[in-house]
Amino acid sequence: MSKIKYWHETLAVAQRILIELIRRQRSLILWAIFPLSILIINGLLIAERTQVSMAQAFENVAPSTIVGAALFFSCLGGTVATVVAEREQQTLKRLFLSPLSGTSYFLGIFLAHSCIGVGQTLLVYTVAAFWGAKFQGSLVLGGSIIFLSIISYVGFGFILSTQLARRTEDVNSLVAAFGVPLLILGGAFFPTSFFPKILLKVARFNPIYHMNEALVGVSANGDDLAKIELHFWFLCGFAVLVVGGGWLAYRRMLSMERRL
Amino acid sequence: MLRIENLKKSYGKRLVLQDLTLHIPFGDIYGLLGSNGAGKTTTINILCNLLQPDSGLIKINDQLISEQTKSLIGVAPQENLLYKTLTCAENLDFFAQIYGLPKKERREQVQACLEAVNLTDRAKSPVETLSGGMQRRLNIAVAIVHHPKLVILDEPTTGLDIEARYEIWELIRTLKSQGITILLTTHLLEEAERLCQRIGILKNGSILAEGSLAELRQNIPAQEIIVVQTPEEEKAIARAQEYGFIHRHYGNDLAFWLPQHLELKEIVSRFEGIPLDSIARQPVRLEHIYLEVTQDKKLPEPAKPNP
């Protein structure tokens with residue numbers, strides 16, 4: 001019975017977020033334009049500068065575009081925007097009045113952003129396929145990396161939105177301050193093979209680097225789990241850490257804001 | 001329906017509720033009055049299980065307050081806490097889903113709520129396109145979408161124009177006629193006077209006076225109140241005391257409580273020799289009772305009235 005309750009609540013939250021997004025349209029369009037433009041620009045650049053075929057260039061660029069340009073902004077930025085908008089409109093207070101559980105709320109946000117993430121993934125790979133790119137490795141492993149990336153971004157989004165962002169204006173500055181350097185350092189815009197050694201050492205502490213390396217390995221090179229083991233387990237650990245952190249941050253916000 | 005016994009709550013050293021006790025029978029509208037900081041919102045927070053009391057007992061429908069009793073309560077907060085980009089129907093459907101209503105019942109209940117708040121024709125309009133009054137009505141509809149036993153309306157007409165206010169009052173009466181018990185907090189005493197069967201006046205976290213309007217009127221030993229405008233207030237007061245009239249200042253108005261009904265000429269004759277610019281007669285209203293109770297005035301020993 002309680003499992004059904006959680007499922008219904010999760011579905012309700014996810015559905016509501018998606019309806020709001022569809023109604024606004026602008027975010028959805030931007031979330032499509034941004035990764036596609038990054039994909040095409042980077043694809044053409046890499047093909048030209050590294051003298052590889054278009055197919056190879058797009059095979060290498062598509063995974064970075066997904067975990068960096070696509071999922072980062074939709075799943076992390078989207079989660080922050082969702083929670084902050086709820087705090088700002090105070091609809092979160094109305095949710096506190098209802099029997100909605102915190103777990104369902106988190107899962108609802110995760111589910112909504114997973115739908116968007118999957119949509120973006122399909123879009124990016126469809127466009128990459130237009131230049132002849134193919135997904136080389138295991139779909140299950142690739143899907144798991146994307147799933148872990150989404151969950152990490154949503155968890156991290158929970159931490160940022162409950163602890164650091166109070167107003168919608170804070171979202172942009174937060175994403176810019178934390179996001180852009182992490183993306184560049186994660187290899188989302190330039191391949192990590194371009195990095196000097198010192199930056200590579202720093203990049204190893206960046207979860208986006210591991211998402212990127214793992215997905216590039218599976219998607220472009222057909223690597224199995226053994227070859228991307230380090231990146232994969234780092235990503236698993238990071239996902240657990242940020243979901244735990246997100247949960248604690250959410251509980252802390254509850255203790256402060258659970259009042260009319 | 002709702003029983004609160006000896007409820008205590010403090011924030012640090014500040015005591016917000018002290019031995020708050022009130023009972024609301026099934027199907028009544030109970031008005032909880034009090035100035036800002038009197039403890040109304042804290043009481044609502046505790047009822048909704050958002051805050052834990054220090055001590056005391058609360059039962060809704062004979063159940064102790066808990067996460068499970070949340071579904072017995074519907075709350076319409078002061079602000080319209082709605083999703084602005086969603087339509088009226090989508091807002092109602094979302095909250096109905098959160099409260100676990102099955103799909104078929106949800107569809108029926110959304111329609112019923114829209115009809116109850118007279119928004120059927122705006123079912124597909126996004127909330128951001130509605131007027132303030134419509135949003136407030138939808139705010140109340142969201143509070144009743146899950147068939148609650150008790151509905152808490154927190155200042156439901158604050159900031160609304162008079163037409164919208166009448167609409168909300170009509171809606172509240174409709175809810176009562178459907179057997180819903182209502183706890184209404186308001187600063188508008190006229191609202192409480194018009195709608196509530198019982199009224200509690202809250203100050204510093206405890207109920208100072210409680211009862212029906214007729215019962216509360218016992219706090220003022222007067223049949224009627226007259227408001228007098230005169231350049232010689234002192235003389236008028238002294239004269240009134242000779243007849244056993246208690247005087248009060250309501251803002252700039254000088255008022256006298258008449259212990260029994262008097263004809264106008266009899267009133268004028270009592271003030272003979274004192275220039276009167278005007279005399280206005282008023283029934284004893286809730287605002288007089290409220291001021292009397294909250295300002296903690298000691299009733300003066302009335303002088304023996306002159307025959």
# chains A, B, ... in the order shown; residues from 1 in each chain; ligands from 1

$ interface_residues --of "chain A" --to "chain B" --cutoff "7 Å" --atoms "only C-alpha atoms" --output "number ranges by chain"
A: 5, 8-9, 12, 16, 20, 23, 89-91, 94, 97-100, 258-260

$ residues_around --residues "Lys134 of chain A" --least-positions-apart "2" --cutoff "9 Å" --atoms "only C-alpha atoms" --output "list of chain:residue names"
A:Ala55, A:Gln56, A:Phe58, A:Glu59, A:Tyr125, A:Ala128, A:Ala129, A:Gly132, A:Gln136, A:Ser219, A:Ala220

$ residues_around --residues "segment 161-177 of chain A" --least-positions-apart "5" --cutoff "7 Å" --atoms "only C-alpha atoms" --output "PyMOL selection string"
chain A and resi 77+80-81+83-85+88+249-250+253

$ select_by_dssp --residues "segment 150-270 of chain B" --states "helix (DSSP H, G or I)" --output "count of residues only"
47

$ residues_around --residues "Ile226 of chain B" --least-positions-apart "6" --cutoff "10 Å" --atoms "only C-alpha atoms" --output "VMD selection string"
chain B and resid 247 253 to 258 267 278 to 284

$ write_last_selection --atoms "N, CA and C atoms" --output "PDB file, in the first residue's frame"
ATOM      1  N   HIS B 247     -18.335  54.673  29.929  1.00  0.00           N
ATOM      2  CA  HIS B 247     -17.853  55.308  28.696  1.00  0.00           C
ATOM      3  C   HIS B 247     -16.584  54.627  28.189  1.00  0.00           C
ATOM      4  N   ASP B 253     -13.669  58.312  18.838  1.00  0.00           N
ATOM      5  CA  ASP B 253     -15.087  58.389  19.200  1.00  0.00           C
ATOM      6  C   ASP B 253     -15.276  58.201  20.697  1.00  0.00           C
ATOM      7  N   LEU B 254     -16.165  59.037  21.249  1.00  0.00           N
ATOM      8  CA  LEU B 254     -16.562  58.835  22.644  1.00  0.00           C
ATOM      9  C   LEU B 254     -17.863  58.040  22.624  1.00  0.00           C
ATOM     10  N   ALA B 255     -17.841  56.906  23.300  1.00  0.00           N
ATOM     11  CA  ALA B 255     -19.035  56.042  23.276  1.00  0.00           C
ATOM     12  C   ALA B 255     -19.518  55.780  24.694  1.00  0.00           C
ATOM     13  N   PHE B 256     -20.813  55.584  24.812  1.00  0.00           N
ATOM     14  CA  PHE B 256     -21.405  55.226  26.113  1.00  0.00           C
ATOM     15  C   PHE B 256     -22.202  53.947  25.959  1.00  0.00           C
ATOM     16  N   TRP B 257     -22.084  53.125  26.986  1.00  0.00           N
ATOM     17  CA  TRP B 257     -22.857  51.878  26.972  1.00  0.00           C
ATOM     18  C   TRP B 257     -24.194  52.146  27.680  1.00  0.00           C
ATOM     19  N   LEU B 258     -25.265  51.848  27.010  1.00  0.00           N
ATOM     20  CA  LEU B 258     -26.571  52.043  27.638  1.00  0.00           C
ATOM     21  C   LEU B 258     -27.023  50.712  28.236  1.00  0.00           C
ATOM     22  N   ILE B 267     -32.412  59.848  25.688  1.00  0.00           N
ATOM     23  CA  ILE B 267     -30.938  59.957  25.668  1.00  0.00           C
ATOM     24  C   ILE B 267     -30.554  61.425  25.651  1.00  0.00           C
ATOM     25  N   SER B 278     -23.548  65.416  17.604  1.00  0.00           N
ATOM     26  CA  SER B 278     -24.272  64.280  17.024  1.00  0.00           C
ATOM     27  C   SER B 278     -24.354  63.136  18.023  1.00  0.00           C
ATOM     28  N   ILE B 279     -25.339  62.319  17.809  1.00  0.00           N
ATOM     29  CA  ILE B 279     -25.467  61.075  18.591  1.00  0.00           C
ATOM     30  C   ILE B 279     -25.752  59.957  17.586  1.00  0.00           C
ATOM     31  N   ALA B 280     -24.954  58.899  17.653  1.00  0.00           N
ATOM     32  CA  ALA B 280     -25.209  57.757  16.757  1.00  0.00           C
ATOM     33  C   ALA B 280     -25.437  56.523  17.614  1.00  0.00           C
ATOM     34  N   ARG B 281     -26.463  55.780  17.273  1.00  0.00           N
ATOM     35  CA  ARG B 281     -26.785  54.574  18.061  1.00  0.00           C
ATOM     36  C   ARG B 281     -26.216  53.356  17.334  1.00  0.00           C
ATOM     37  N   GLN B 282     -25.664  52.462  18.089  1.00  0.00           N
ATOM     38  CA  GLN B 282     -25.079  51.248  17.490  1.00  0.00           C
ATOM     39  C   GLN B 282     -25.450  50.039  18.332  1.00  0.00           C
ATOM     40  N   PRO B 283     -25.641  48.881  17.720  1.00  0.00           N
ATOM     41  CA  PRO B 283     -25.775  47.677  18.547  1.00  0.00           C
ATOM     42  C   PRO B 283     -24.399  47.302  19.116  1.00  0.00           C
ATOM     43  N   VAL B 284     -24.378  46.468  20.130  1.00  0.00           N
ATOM     44  CA  VAL B 284     -23.089  45.979  20.644  1.00  0.00           C
ATOM     45  C   VAL B 284     -22.531  45.024  19.602  1.00  0.00           C
TER      46      VAL B 284
END

$ closest_residue --among "B:Lys13, B:His187, B:Lys40, B:Arg3" --to "Gly205 of chain B" --atoms "only C-alpha atoms"
B:Lys40

$ residues_around --residues "Asn219 of chain B" --least-positions-apart "6" --cutoff "8 Å" --atoms "only C-alpha atoms" --output "PDB file with C-alpha atoms, in the first residue's frame"
ATOM      1  CA  ILE B 289     -16.369  42.973  22.677  1.00  0.00           C
ATOM      2  CA  GLU B 292     -12.993  45.073  25.772  1.00  0.00           C
ATOM      3  CA  VAL B 293     -11.580  41.581  26.101  1.00  0.00           C
TER       4      VAL B 293
END

$ select_by_dssp --residues "segment 173-256 of chain B" --states "strand (DSSP E or B)" --output "PyMOL selection string"
chain B and resi 181-186+198-203+206-211+224-229+246-250+253-256

$ residues_around --residues "segment 187-197 of chain A" --least-positions-apart "3" --cutoff "6 Å" --atoms "only C-alpha atoms" --output "PyMOL selection string"
chain A and resi 64+68+183-184+200

$ residues_around --residues "Pro207 of chain A" --least-positions-apart "5" --cutoff "9 Å" --atoms "only C-alpha atoms" --output "count of residues only"
9

$ atom_distance --atom1 "atom CA of Val216 of chain A" --atom2 "atom CA of Ser27 of chain A"
26.7 Å
